[in-house]
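A.B. asks: upload15.cif (mmCIF, C-alpha atoms) pasted underneath:
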data_work
#
loop_
_atom_site.label_atom_id
_atom_site.label_comp_id
_atom_site.auth_asym_id
_atom_site.auth_seq_id
_atom_site.Cartn_x
_atom_site.Cartn_y
_atom_site.Cartn_z
CA MET A 1 86.85 105.94 121.80
CA ALA A 2 84.80 106.05 118.59
CA ARG A 3 86.89 105.89 115.45
CA ILE A 4 84.61 107.49 112.88
CA LEU A 5 86.20 108.14 109.52
CA LYS A 6 84.59 109.30 106.29
CA ILE A 7 86.46 107.98 103.28
CA LEU A 8 85.86 109.26 99.77
CA ILE A 9 85.80 106.94 96.81
CA PRO A 10 89.42 106.37 95.73
CA LEU A 11 90.51 108.84 93.08
CA VAL A 12 92.27 106.24 91.00
CA LEU A 13 91.94 102.60 91.92
CA ILE A 14 94.20 101.15 89.27
CA LEU A 15 96.08 102.71 86.38
CA SER A 16 97.82 100.38 83.93
CA ALA A 17 97.66 97.78 86.68
CA PHE A 18 98.25 94.90 84.36
CA LYS A 19 101.41 96.12 82.69
CA PRO A 20 104.24 93.62 83.16
CA ALA A 21 106.35 96.25 84.91
CA MET A 22 103.99 96.36 87.86
CA SER A 23 104.24 92.66 88.57
CA GLN A 24 108.01 93.00 88.84
CA LEU A 25 107.72 95.41 91.81
CA ARG A 26 106.75 93.05 94.60
CA VAL A 27 108.26 92.46 98.02
CA SER A 28 108.69 88.76 98.75
CA VAL A 29 107.34 87.84 102.19
CA GLU A 30 107.40 84.08 101.97
CA ASP A 31 111.06 83.09 102.02
CA GLY A 32 112.30 84.84 105.13
CA LEU A 33 113.40 88.43 105.61
CA ARG A 34 115.50 89.77 102.78
CA GLU A 35 116.95 93.16 101.93
CA PRO A 36 114.20 95.76 102.52
CA LEU A 37 112.75 97.42 99.44
CA PRO A 38 113.98 101.04 99.13
CA ILE A 39 111.01 103.37 98.98
CA ALA A 40 110.92 107.16 98.58
CA PHE A 41 108.12 108.41 100.82
CA ALA A 42 107.92 112.18 100.43
CA PRO A 43 106.52 114.50 103.11
CA PHE A 44 102.97 115.35 102.08
CA VAL A 45 102.69 118.75 100.41
CA THR A 46 100.40 121.13 102.32
CA LYS A 47 97.86 123.46 100.75
CA ASN A 48 94.76 125.46 101.64
CA GLY A 49 96.27 126.65 104.89
CA ALA A 50 97.27 123.25 106.26
CA SER A 51 100.26 123.24 108.61
CA PRO A 52 103.57 122.04 107.13
CA ASN A 53 103.95 119.92 110.27
CA MET A 54 100.80 118.01 109.29
CA GLY A 55 102.36 116.97 105.98
CA ARG A 56 105.54 115.77 107.66
CA ASP A 57 103.70 114.00 110.47
CA LEU A 58 101.40 112.13 108.06
CA ALA A 59 104.38 110.79 106.15
CA ASP A 60 106.45 110.03 109.26
CA VAL A 61 103.76 107.81 110.82
CA ALA A 62 103.22 105.88 107.57
CA ILE A 63 106.99 105.47 107.14
CA ALA A 64 107.34 104.17 110.70
CA ASP A 65 104.60 101.61 110.00
CA LEU A 66 106.25 100.35 106.83
CA GLU A 67 109.76 100.22 108.29
CA SER A 68 108.48 98.38 111.37
CA SER A 69 107.59 95.47 109.07
CA ARG A 70 111.28 95.30 108.09
CA LEU A 71 110.20 94.84 104.49
CA PHE A 72 110.81 98.47 103.51
CA ARG A 73 113.61 101.02 103.89
CA ALA A 74 112.67 104.68 103.54
CA ILE A 75 115.18 106.80 101.64
CA ASP A 76 116.31 109.95 103.45
CA PRO A 77 114.43 112.94 101.94
CA SER A 78 117.71 114.89 101.87
CA ALA A 79 118.71 112.62 98.97
CA PHE A 80 115.67 113.58 96.86
CA ILE A 81 116.51 115.28 93.57
CA GLN A 82 112.99 116.22 92.49
CA THR A 83 110.97 118.17 95.03
CA PRO A 84 107.88 116.50 96.55
CA ALA A 85 105.70 119.33 95.23
CA ALA A 86 106.86 118.73 91.65
CA ALA A 87 106.54 114.96 92.06
CA THR A 88 102.88 115.26 93.05
CA ILE A 89 102.24 116.73 89.59
CA ALA A 90 104.46 114.42 87.51
CA PRO A 91 107.31 112.29 88.87
CA ARG A 92 110.61 112.47 86.99
CA PHE A 93 111.41 108.79 87.24
CA PRO A 94 115.12 109.02 86.30
CA ASP A 95 115.62 111.28 89.34
CA TRP A 96 114.08 108.68 91.64
CA ARG A 97 115.95 105.79 90.05
CA GLN A 98 119.20 107.71 90.56
CA ILE A 99 118.70 107.51 94.35
CA ASN A 100 117.80 103.79 94.04
CA ALA A 101 114.10 104.21 94.87
CA GLN A 102 111.98 101.36 93.56
CA ALA A 103 108.67 102.77 94.79
CA LEU A 104 107.55 106.37 95.32
CA VAL A 105 104.77 107.76 97.51
CA VAL A 106 103.70 111.38 97.12
CA GLY A 107 100.70 113.15 98.59
CA THR A 108 98.99 116.35 99.65
CA VAL A 109 97.01 117.48 102.67
CA GLY A 110 94.73 120.49 102.75
CA ASN A 111 91.99 122.08 104.81
CA GLU A 112 88.38 121.76 103.74
CA PRO A 113 85.90 124.66 104.19
CA ASP A 114 84.08 122.76 106.96
CA GLY A 115 87.26 122.33 109.04
CA ARG A 116 88.06 118.77 108.01
CA ILE A 117 91.22 117.76 106.18
CA ARG A 118 91.59 116.17 102.76
CA VAL A 119 94.50 113.82 102.19
CA GLU A 120 95.45 112.50 98.75
CA PHE A 121 98.29 110.14 97.92
CA ARG A 122 99.67 108.17 94.98
CA LEU A 123 101.93 105.12 94.90
CA TRP A 124 104.23 104.84 91.87
CA ASP A 125 106.32 101.98 90.52
CA VAL A 126 109.54 103.84 89.73
CA LEU A 127 111.07 101.11 87.58
CA GLY A 128 107.89 100.48 85.58
CA GLU A 129 106.95 104.20 85.54
CA VAL A 130 103.30 103.44 86.33
CA GLN A 131 100.95 104.55 89.07
CA LEU A 132 99.78 101.60 91.12
CA VAL A 133 97.09 103.29 93.20
CA GLY A 134 95.79 106.70 94.20
CA GLN A 135 93.32 107.49 96.98
CA ALA A 136 91.78 110.42 98.81
CA TYR A 137 90.39 110.67 102.33
CA VAL A 138 88.37 113.37 104.08
CA THR A 139 88.12 113.23 107.86
CA GLN A 140 88.21 115.22 111.07
CA ARG A 141 91.63 116.64 111.89
CA GLU A 142 92.01 114.44 114.99
CA ASN A 143 91.88 111.32 112.79
CA TRP A 144 95.07 112.20 110.93
CA ARG A 145 97.10 109.34 112.45
CA ARG A 146 94.54 106.85 111.23
CA ILE A 147 94.88 108.25 107.72
CA SER A 148 98.61 107.53 107.93
CA HIS A 149 97.92 103.94 108.96
CA LEU A 150 95.47 103.53 106.07
CA VAL A 151 98.04 104.85 103.61
CA ALA A 152 100.65 102.45 104.99
CA ASP A 153 98.19 99.55 104.74
CA THR A 154 97.48 100.40 101.09
CA VAL A 155 101.18 100.62 100.21
CA TYR A 156 101.89 97.37 102.06
CA LYS A 157 99.08 95.57 100.23
CA TRP A 158 100.09 96.75 96.75
CA LEU A 159 103.76 95.96 97.22
CA THR A 160 103.47 92.63 99.07
CA GLY A 161 100.17 91.22 97.82
CA GLU A 162 99.02 90.77 101.44
CA LYS A 163 96.69 92.80 103.61
CA GLY A 164 98.25 95.37 105.89
CA TYR A 165 97.83 95.45 109.65
CA PHE A 166 98.65 99.02 110.64
CA ASP A 167 95.10 100.35 111.08
CA THR A 168 94.57 98.20 114.16
CA ARG A 169 94.60 98.43 117.93
CA ILE A 170 96.05 96.41 120.79
CA VAL A 171 94.32 95.72 124.09
CA TYR A 172 96.52 94.48 126.91
CA VAL A 173 96.84 94.21 130.69
CA ALA A 174 98.66 97.26 132.11
CA GLU A 175 100.51 96.36 135.30
CA SER A 176 101.64 98.66 138.09
CA GLY A 177 102.43 98.48 141.80
CA THR A 178 104.70 96.10 143.68
CA ALA A 179 105.07 92.37 143.18
CA ASP A 180 102.94 91.61 146.24
CA ARG A 181 100.35 94.30 145.46
CA LYS A 182 100.02 94.27 141.69
CA VAL A 183 97.35 96.42 140.01
CA LYS A 184 96.14 95.15 136.65
CA ARG A 185 93.80 97.06 134.37
CA LEU A 186 92.84 96.91 130.72
CA ALA A 187 94.52 99.37 128.39
CA ILE A 188 94.15 100.00 124.66
CA MET A 189 96.35 101.71 122.08
CA ASP A 190 97.05 101.84 118.37
CA GLN A 191 99.36 99.09 117.16
CA ASP A 192 102.28 101.54 117.18
CA GLY A 193 101.66 102.57 120.81
CA ALA A 194 99.88 105.87 120.09
CA ASN A 195 96.47 106.97 121.43
CA HIS A 196 96.94 105.09 124.68
CA SER A 197 94.08 104.95 127.22
CA TYR A 198 92.75 102.76 130.04
CA LEU A 199 89.51 100.80 129.86
CA THR A 200 89.18 99.70 133.50
CA ASN A 201 90.06 101.44 136.77
CA GLY A 202 92.17 98.73 138.37
CA ARG A 203 89.87 98.02 141.33
CA ASN A 204 89.29 94.48 140.07
CA LEU A 205 91.92 92.09 138.74
CA VAL A 206 91.64 91.56 134.97
CA LEU A 207 93.24 88.84 132.84
CA THR A 208 93.40 87.48 129.27
CA PRO A 209 91.66 90.13 127.14
CA ARG A 210 90.80 88.88 123.64
CA PHE A 211 89.50 90.92 120.70
CA SER A 212 86.53 89.81 118.66
CA PRO A 213 87.66 89.10 115.07
CA SER A 214 84.47 90.69 113.72
CA ARG A 215 83.58 93.53 116.12
CA GLN A 216 85.25 96.18 118.24
CA GLU A 217 84.61 94.10 121.35
CA ILE A 218 86.83 92.28 123.80
CA THR A 219 86.20 89.45 126.20
CA TYR A 220 88.23 89.20 129.39
CA MET A 221 88.32 87.73 132.87
CA SER A 222 87.40 89.97 135.81
CA TYR A 223 87.87 88.95 139.42
CA ALA A 224 85.26 91.14 141.09
CA GLY A 225 84.76 89.97 144.65
CA ARG A 226 87.51 87.37 144.09
CA ARG A 227 85.16 85.43 141.82
CA PRO A 228 86.14 85.09 138.16
CA ARG A 229 83.62 86.30 135.63
CA VAL A 230 83.71 86.34 131.83
CA ARG A 231 82.88 89.84 130.60
CA ILE A 232 82.42 91.49 127.20
CA LEU A 233 83.37 95.12 126.66
CA ASN A 234 82.62 97.25 123.61
CA VAL A 235 85.77 99.39 123.31
CA ASP A 236 84.01 102.13 121.30
CA THR A 237 80.93 102.58 123.54
CA ASN A 238 82.41 101.29 126.86
CA GLN A 239 79.34 99.07 127.33
CA ASP A 240 80.50 96.30 129.69
CA GLU A 241 78.49 93.22 130.63
CA THR A 242 78.93 89.95 132.49
CA LEU A 243 78.05 86.79 130.61
CA GLY A 244 75.67 85.54 133.26
CA PRO A 245 76.49 82.82 135.75
CA ILE A 246 78.83 80.11 134.49
CA ASP A 247 79.29 77.21 136.86
CA GLY A 248 82.81 76.69 138.14
CA MET A 249 86.02 78.66 137.68
CA THR A 250 86.32 79.91 134.10
CA PHE A 251 89.51 80.68 132.18
CA ALA A 252 90.90 81.82 128.83
CA PRO A 253 87.79 83.05 126.94
CA ARG A 254 88.29 83.56 123.21
CA PHE A 255 85.90 84.58 120.42
CA SER A 256 85.07 82.43 117.42
CA PRO A 257 86.13 83.92 114.04
CA ASP A 258 82.56 85.09 113.34
CA GLY A 259 82.28 86.64 116.80
CA ASP A 260 79.10 84.70 117.65
CA LYS A 261 80.59 82.23 120.12
CA LEU A 262 83.04 82.11 122.98
CA LEU A 263 85.38 79.26 123.71
CA PHE A 264 86.64 78.93 127.28
CA SER A 265 87.71 76.38 129.83
CA ALA A 266 85.86 75.83 133.10
CA GLU A 267 86.88 73.94 136.20
CA GLN A 268 84.15 71.82 137.72
CA ARG A 269 84.65 69.36 140.56
CA GLY A 270 88.41 69.75 140.26
CA ASN A 271 88.55 69.10 136.52
CA SER A 272 89.03 71.57 133.66
CA ASP A 273 87.31 71.08 130.28
CA VAL A 274 86.63 73.11 127.13
CA PHE A 275 83.21 74.70 126.55
CA ALA A 276 81.55 76.80 123.85
CA LEU A 277 78.99 79.50 124.58
CA ASP A 278 76.59 80.84 121.95
CA LEU A 279 76.46 84.59 122.58
CA ARG A 280 72.97 84.95 121.13
CA SER A 281 71.13 82.10 122.80
CA ARG A 282 73.53 81.85 125.80
CA ARG A 283 73.46 78.09 125.27
CA ARG A 284 76.56 76.38 126.60
CA GLU A 285 78.05 73.22 125.07
CA ARG A 286 80.67 71.02 126.69
CA LEU A 287 83.29 70.01 124.12
CA THR A 288 85.72 67.90 126.16
CA ASP A 289 85.03 65.46 128.98
CA HIS A 290 88.37 64.12 130.13
CA PRO A 291 90.02 63.72 133.56
CA ALA A 292 93.01 65.74 132.28
CA ILE A 293 93.29 69.54 132.28
CA ASP A 294 91.95 70.86 128.95
CA THR A 295 92.32 74.62 128.46
CA SER A 296 93.26 77.54 126.14
CA PRO A 297 91.00 76.67 123.18
CA SER A 298 91.20 78.53 119.85
CA PHE A 299 89.08 78.06 116.71
CA SER A 300 90.51 77.57 113.24
CA PRO A 301 89.50 80.40 110.84
CA ASN A 302 86.85 78.20 109.21
CA GLN A 303 85.52 77.18 112.67
CA ARG A 304 85.71 73.49 111.80
CA GLU A 305 88.47 72.67 114.29
CA ILE A 306 89.77 73.78 117.68
CA VAL A 307 93.31 73.71 119.00
CA PHE A 308 93.70 73.42 122.77
CA ASN A 309 96.17 72.60 125.49
CA SER A 310 95.91 69.37 127.49
CA ASP A 311 98.03 67.24 129.80
CA ARG A 312 96.11 64.06 128.95
CA GLY A 313 99.37 62.59 127.64
CA GLY A 314 101.24 63.28 130.87
CA THR A 315 102.62 66.75 130.07
CA PRO A 316 100.97 69.89 128.62
CA GLN A 317 100.80 69.46 124.85
CA LEU A 318 98.78 70.79 121.92
CA TYR A 319 95.78 68.93 120.54
CA VAL A 320 93.39 69.59 117.67
CA MET A 321 89.79 68.39 117.70
CA SER A 322 86.67 68.87 115.61
CA ALA A 323 84.47 71.84 116.48
CA ASP A 324 81.99 69.49 118.14
CA GLY A 325 84.69 68.08 120.41
CA GLY A 326 85.36 64.83 118.58
CA ASN A 327 88.49 63.32 117.02
CA ALA A 328 91.03 64.90 119.40
CA ARG A 329 94.60 64.27 118.29
CA ARG A 330 97.98 65.44 119.57
CA ILE A 331 100.02 67.66 117.24
CA SER A 332 103.04 68.74 119.38
CA PHE A 333 105.89 66.27 119.70
CA GLY A 334 108.96 68.42 120.33
CA GLY A 335 110.77 68.52 123.63
CA GLY A 336 109.33 70.50 126.53
CA ARG A 337 105.81 71.63 127.38
CA TYR A 338 103.41 73.61 125.19
CA ALA A 339 100.75 76.17 126.11
CA THR A 340 98.52 79.08 124.91
CA PRO A 341 97.93 77.94 121.31
CA VAL A 342 96.22 80.35 118.92
CA TRP A 343 95.32 79.72 115.29
CA SER A 344 96.55 82.11 112.61
CA PRO A 345 93.84 84.15 110.82
CA ARG A 346 95.15 82.64 107.58
CA GLY A 347 94.74 79.12 108.93
CA ASP A 348 98.22 77.97 107.97
CA LEU A 349 99.95 78.17 111.35
CA ILE A 350 99.35 77.81 115.07
CA ALA A 351 101.33 80.01 117.46
CA PHE A 352 102.19 78.71 120.92
CA THR A 353 104.26 79.14 124.05
CA LYS A 354 106.91 76.50 124.72
CA ILE A 355 108.69 75.82 128.00
CA GLU A 356 111.96 73.94 127.68
CA GLY A 357 115.34 73.99 129.39
CA GLY A 358 114.26 76.59 131.91
CA GLN A 359 113.23 79.09 129.24
CA PHE A 360 109.97 80.20 127.64
CA GLY A 361 109.65 80.79 123.93
CA ILE A 362 107.16 81.77 121.22
CA GLY A 363 106.91 79.48 118.21
CA VAL A 364 104.71 78.41 115.32
CA MET A 365 103.85 75.10 113.70
CA ARG A 366 101.50 73.94 110.99
CA SER A 367 98.10 72.68 112.06
CA ASP A 368 99.26 69.07 111.72
CA GLY A 369 102.24 69.77 114.01
CA SER A 370 104.86 69.84 111.26
CA ASN A 371 107.47 72.54 110.60
CA GLU A 372 107.79 73.70 114.20
CA LYS A 373 109.81 76.93 114.37
CA MET A 374 110.83 78.97 117.42
CA LEU A 375 110.70 82.74 116.88
CA SER A 376 111.87 83.95 120.26
CA GLN A 377 113.18 82.57 123.57
CA SER A 378 114.06 84.18 126.90
CA TYR A 379 113.57 83.90 130.65
CA PHE A 380 109.77 84.24 130.33
CA GLU A 381 107.52 85.06 127.40
CA GLU A 382 103.95 84.09 126.72
CA SER A 383 100.54 84.94 125.24
CA PRO A 384 101.05 85.14 121.46
CA THR A 385 98.46 87.08 119.45
CA TRP A 386 98.26 87.37 115.66
CA ALA A 387 98.05 90.49 113.52
CA PRO A 388 94.91 90.23 111.35
CA ASN A 389 96.96 89.43 108.24
CA GLY A 390 98.55 86.39 109.93
CA ARG A 391 102.13 87.56 109.36
CA VAL A 392 103.18 89.17 112.65
CA ILE A 393 102.86 87.96 116.25
CA MET A 394 102.81 90.04 119.41
CA PHE A 395 103.63 88.59 122.84
CA PHE A 396 104.89 89.73 126.23
CA ARG A 397 108.28 89.15 127.78
CA ARG A 398 109.12 89.36 131.49
CA THR A 399 112.63 89.78 132.90
CA PRO A 400 113.79 87.98 136.07
CA THR A 401 113.95 89.64 139.48
CA ASP A 402 117.09 89.81 141.60
CA ARG A 403 117.40 88.92 145.28
CA LYS A 404 116.14 92.34 146.26
CA GLY A 405 113.04 91.99 144.10
CA ARG A 406 114.29 94.39 141.45
CA GLY A 407 113.59 93.69 137.81
CA GLY A 408 110.66 91.58 136.76
CA ARG A 409 109.63 94.12 134.12
CA SER A 410 107.06 93.01 131.56
CA ARG A 411 107.02 94.40 128.02
CA LEU A 412 105.29 93.80 124.67
CA PHE A 413 107.19 92.61 121.59
CA ILE A 414 106.34 91.79 117.98
CA VAL A 415 108.09 89.34 115.68
CA ASP A 416 107.64 88.37 112.04
CA VAL A 417 106.85 84.71 111.39
CA ALA A 418 109.61 84.76 108.76
CA GLY A 419 112.15 85.46 111.51
CA GLY A 420 114.26 88.32 112.73
CA GLU A 421 114.78 89.86 116.15
CA PRO A 422 111.65 90.73 118.15
CA ARG A 423 110.96 94.48 118.44
CA GLU A 424 109.57 96.12 121.56
CA ILE A 425 106.31 98.08 121.48
CA VAL A 426 106.70 100.85 124.06
CA THR A 427 103.98 101.19 126.73
CA PRO A 428 103.75 103.63 129.66
CA GLY A 429 104.41 100.85 132.19
CA ASP A 430 104.55 97.09 132.48
CA ALA A 431 102.38 95.21 129.99
CA SER A 432 101.18 91.63 129.49
CA ASP A 433 98.52 89.54 127.73
CA PRO A 434 98.24 91.50 124.46
CA ALA A 435 95.42 90.93 122.00
CA TRP A 436 95.36 92.28 118.44
CA SER A 437 92.19 93.82 117.01
CA PRO A 438 90.83 93.18 113.52
CA LEU A 439 91.31 95.90 110.95
CA SER A 440 89.22 98.89 111.99
CA PRO A 441 85.94 99.28 110.12
#
Written as structure tokens, how would this file's structure read?

C.D. replies:
Amino acid sequence: MARILKILIPLVLILSAFKPAMSQLRVSVEDGLREPLPIAFAPFVTKNGASPNMGRDLADVAIADLESSRLFRAIDPSAFIQTPAAATIAPRFPDWRQINAQALVVGTVGNEPDGRIRVEFRLWDVLGEVQLVGQAYVTQRENWRRISHLVADTVYKWLTGEKGYFDTRIVYVAESGTADRKVKRLAIMDQDGANHSYLTNGRNLVLTPRFSPSRQEITYMSYAGRRPRVRILNVDTNQDETLGPIDGMTFAPRFSPDGDKLLFSAEQRGNSDVFALDLRSRRRERLTDHPAIDTSPSFSPNQREIVFNSDRGGTPQLYVMSADGGNARRISFGGGRYATPVWSPRGDLIAFTKIEGGQFGIGVMRSDGSNEKMLSQSYFEESPTWAPNGRVIMFFRRTPTDRKGRGGRSRLFIVDVAGGEPREIVTPGDASDPAWSPLSP
């Protein structure tokens, strides 16, 4: 599972970066989804014995990443006037403007003497006729898909001003079997569904995997021997450990932003409260002490506050409290019931599940409860998780079953916080409880 990648120093970090023309080429991501920016992304030119398929595949994966954001529209290569090979030497900008390209990506891939591959690419502002960035990577051949994700992340960052999210992974619960004999095991894949594999064997029920924001680790619930345990798994080394005995039934573990603590809820003597566990000292701290059900805690990015779900007001609603458990205040006041809150990595929004009118939906609101916005609604959807740049949310959606028990399929979807229709992420079988990784190191 190791994802080792040797990256050379970028060939050209910035050329003429402060010319006024460059600042004009910027995709707006704040005011809702607009017309995608047309970008010419040429198949990478192969050299030194590299397969032509490698050049096309590198470009195709990066293009799929960028188009999945719905901020970019790749121009069909059949419309290109200048050849990609010539453009890698010196772009003829009038040719690219003639096909309405506003940005141009050209690159090469070649074999190194030691068997590795070298990938170089350049991003050009066609209207301003300036190079925005150029980089080179050297890596093992099997890492070629990751190179594509890194290229897409770089293009996304330079053209939107925000960090990309394509060089990431998703861990989720893979479901199989019948409704009365469901098998659930942990699975992991790249954010686009590639490089899929299973992390557990399915002998024990697993629930609510959550990625560490700072390490390639996940925490999850395992029901070995019908007793729930909080476990931590390193997804690169497969080292798996139980977090010692925790009194009572435990639920919904989630890492702190620095990865040094776990928040979770535990049921003791029929009551559920929120706790924090220091992963170094193993010291546990009780944060809520209320006769209501307090669950699903999530830290703010600065770790000063925690959002959680509680029915202390009569119905499940969202509350925010200080990191020490004080000053709890309700922030959700719309109709229906609220659940599974999770704070955005940027700190500006809180995602949640809302149950109203017989339907489930995924929405966002500001941390003070204002500007509530529903992004998706259907028969059943739950478990929002944020991309590391705080712009995209993944969740799972389940369809209803008929009288004969058919249906009930569960799938993963992503949606932009600016709006638009959710898009399915294809998995080999049923999928639930997704969790997004941080950007890979």

A.B. asks: Select, from A:Ile89, A:Ile99, A:Ala431, A:Leu262, the residue with the minimum atom-to-atom distance to Arg122 of chain A, counting all atoms listed in the file.

C.D. replies: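 Result for the nearest residue to Arg122 of chain A: A:Ile89.
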
A.B. asks: What's the 8 Å shell around Arg254 of chain A, counting all atoms listed in the file, without same-chain residues fewer than 4 positions away, as an MDAnalysis selection string?

C.D. replies: chainID A and resid 210:212 219 262:264 297:298

A.B. asks: Between atom CA of Arg227 of chain A and atom CA of Thr385 of chain A, what is the distance, to one decimal in Å?

C.D. replies: 26.1 Å

A.B. asks: Could you tell me which of A:Pro84, A:Tyr172, A:Phe72, A:Thr46 comes closest to Asn111 of chain A if we count all atoms listed in the file?

C.D. replies: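 Checking each of A:Pro84, A:Tyr172, A:Phe72, A:Thr46 against Asn111 of chain A, counting all atoms listed in the file, the winner is A:Thr46.
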
A.B. asks: Looking at A:Thr168, A:Val105, A:Met54, A:Ala87, which one is nearest to Arg118 of chain A, with distances taken over only C-alpha atoms?

C.D. replies: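 Of all the options, A:Met54 lies closest to Arg118 of chain A.
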
A.B. asks: Just want the 12 Å neighbourhood of Phe166 of chain A, counted on all atoms listed in the file, with same-chain residues fewer than 3 positions away dropped. Output as a ChimeraX atom specification.

C.D. replies: /A:61-69,145-157,163,169-170,189-194,387-389,392,436-440

A.B. asks: Restrict the selected residues to C-alpha atoms and save them as a PDB file, in the frame of the given file.

C.D. replies:
ATOM      1  CA  VAL A  61     103.760 107.810 110.820  1.00  0.00           C
ATOM      2  CA  ALA A  62     103.220 105.880 107.570  1.00  0.00           C
ATOM      3  CA  ILE A  63     106.990 105.470 107.140  1.00  0.00           C
ATOM      4  CA  ALA A  64     107.340 104.170 110.700  1.00  0.00           C
ATOM      5  CA  ASP A  65     104.600 101.610 110.000  1.00  0.00           C
ATOM      6  CA  LEU A  66     106.250 100.350 106.830  1.00  0.00           C
ATOM      7  CA  GLU A  67     109.760 100.220 108.290  1.00  0.00           C
ATOM      8  CA  SER A  68     108.480  98.380 111.370  1.00  0.00           C
ATOM      9  CA  SER A  69     107.590  95.470 109.070  1.00  0.00           C
ATOM     10  CA  ARG A 145      97.100 109.340 112.450  1.00  0.00           C
ATOM     11  CA  ARG A 146      94.540 106.850 111.230  1.00  0.00           C
ATOM     12  CA  ILE A 147      94.880 108.250 107.720  1.00  0.00           C
ATOM     13  CA  SER A 148      98.610 107.530 107.930  1.00  0.00           C
ATOM     14  CA  HIS A 149      97.920 103.940 108.960  1.00  0.00           C
ATOM     15  CA  LEU A 150      95.470 103.530 106.070  1.00  0.00           C
ATOM     16  CA  VAL A 151      98.040 104.850 103.610  1.00  0.00           C
ATOM     17  CA  ALA A 152     100.650 102.450 104.990  1.00  0.00           C
ATOM     18  CA  ASP A 153      98.190  99.550 104.740  1.00  0.00           C
ATOM     19  CA  THR A 154      97.480 100.400 101.090  1.00  0.00           C
ATOM     20  CA  VAL A 155     101.180 100.620 100.210  1.00  0.00           C
ATOM     21  CA  TYR A 156     101.890  97.370 102.060  1.00  0.00           C
ATOM     22  CA  LYS A 157      99.080  95.570 100.230  1.00  0.00           C
ATOM     23  CA  LYS A 163      96.690  92.800 103.610  1.00  0.00           C
ATOM     24  CA  ARG A 169      94.600  98.430 117.930  1.00  0.00           C
ATOM     25  CA  ILE A 170      96.050  96.410 120.790  1.00  0.00           C
ATOM     26  CA  MET A 189      96.350 101.710 122.080  1.00  0.00           C
ATOM     27  CA  ASP A 190      97.050 101.840 118.370  1.00  0.00           C
ATOM     28  CA  GLN A 191      99.360  99.090 117.160  1.00  0.00           C
ATOM     29  CA  ASP A 192     102.280 101.540 117.180  1.00  0.00           C
ATOM     30  CA  GLY A 193     101.660 102.570 120.810  1.00  0.00           C
ATOM     31  CA  ALA A 194      99.880 105.870 120.090  1.00  0.00           C
ATOM     32  CA  ALA A 387      98.050  90.490 113.520  1.00  0.00           C
ATOM     33  CA  PRO A 388      94.910  90.230 111.350  1.00  0.00           C
ATOM     34  CA  ASN A 389      96.960  89.430 108.240  1.00  0.00           C
ATOM     35  CA  VAL A 392     103.180  89.170 112.650  1.00  0.00           C
ATOM     36  CA  TRP A 436      95.360  92.280 118.440  1.00  0.00           C
ATOM     37  CA  SER A 437      92.190  93.820 117.010  1.00  0.00           C
ATOM     38  CA  PRO A 438      90.830  93.180 113.520  1.00  0.00           C
ATOM     39  CA  LEU A 439      91.310  95.900 110.950  1.00  0.00           C
ATOM     40  CA  SER A 440      89.220  98.890 111.990  1.00  0.00           C
TER      41      SER A 440
END

A.B. asks: I'd like the contact shell of segment 394-408 of chain A - 7 Å cut-off, all atoms listed in the file, skipping same-chain residues fewer than 4 positions apart - returned as a PyMOL selection string.

C.D. replies: chain A and resi 379-386+412-415+432-434

A.B. asks: For the file shown, report as a ChimeraX atom specification the outcome of the PyMOL selection byres ((chain A and resi 242) around 7) at residue level.

C.D. replies: /A:229-232,241,243-244

A.B. asks: Taking the file above as input, evaluate the PyMOL selection byres ((chain A and resi 330) around 7) and report the hits as a ChimeraX atom specification.

C.D. replies: /A:318-320,328-329,331-332

A.B. asks: May I have the selected residues written with C-alpha atoms, as a compact mmCIF listing (two decimals), in the coordinates of the input?

C.D. replies:
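Okay, selection.txt is ready:
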# COMPACT_ATOMS: atom_id res chain seq x y z
CA LEU A 318 98.78 70.79 121.92
CA TYR A 319 95.78 68.93 120.54
CA VAL A 320 93.39 69.59 117.67
CA ALA A 328 91.03 64.90 119.40
CA ARG A 329 94.60 64.27 118.29
CA ILE A 331 100.02 67.66 117.24
CA SER A 332 103.04 68.74 119.38

A.B. asks: Using only C-alpha atoms, which of the listed residues (A:Gly390, A:Pro91, A:Gly335, A:Pro422) sits closest to Tyr165 of chain A?

C.D. replies: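 Between A:Gly390, A:Pro91, A:Gly335, A:Pro422, the residue approaching Tyr165 of chain A most closely is A:Gly390.
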
A.B. asks: Evaluate the PyMOL selection byres ((chain A and resi 126) around 7) against this structure - the residues, as a PyMOL selection string, please.

C.D. replies: chain A and resi 93+96-97+101-104+124-125+127-129

A.B. asks: Which polymer residues have any atom within 7 Å of an atom of Phe44 of chain A, counting only C-alpha atoms, with same-chain residues fewer than 4 positions away left out, as a PyMOL selection string?

C.D. replies: chain A and resi 55-56+58-59+106-109

A.B. asks: Figure out the distance between atom CA of Ala74 of chain A and atom CA of Val27 of chain A, please, to one decimal in Å.

C.D. replies: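 Taking atom CA of Val27 of chain A and atom CA of Ala74 of chain A, their separation equals 14.1 Å.
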
A.B. asks: Can you tell me how far atom CA of Leu375 of chain A sits from atom CA of Gly361 of chain A, in Å to one decimal?

C.D. replies: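 Interatomic distance here is 7.4 Å.
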
A.B. asks: May I ask which of the residues A:Val138, A:Pro52, A:Leu186, A:Ser256 is the closest one to Pro113 of chain A, counting all atoms listed in the file?

C.D. replies: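 The closest residue to Pro113 of chain A is A:Val138.
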
A.B. asks: Where's the centre, and what are the edge lengths in Å to one decimal, of a box along x, y and z enclosing all listed atoms of segment 377-382 of chain A padded 8 Å per side, as lines of an AutoDock Vina configuration file?

C.D. replies:
center_x = 109.0
center_y = 83.8
center_z = 127.1
size_x = 26.1
size_y = 18.5
size_z = 23.1
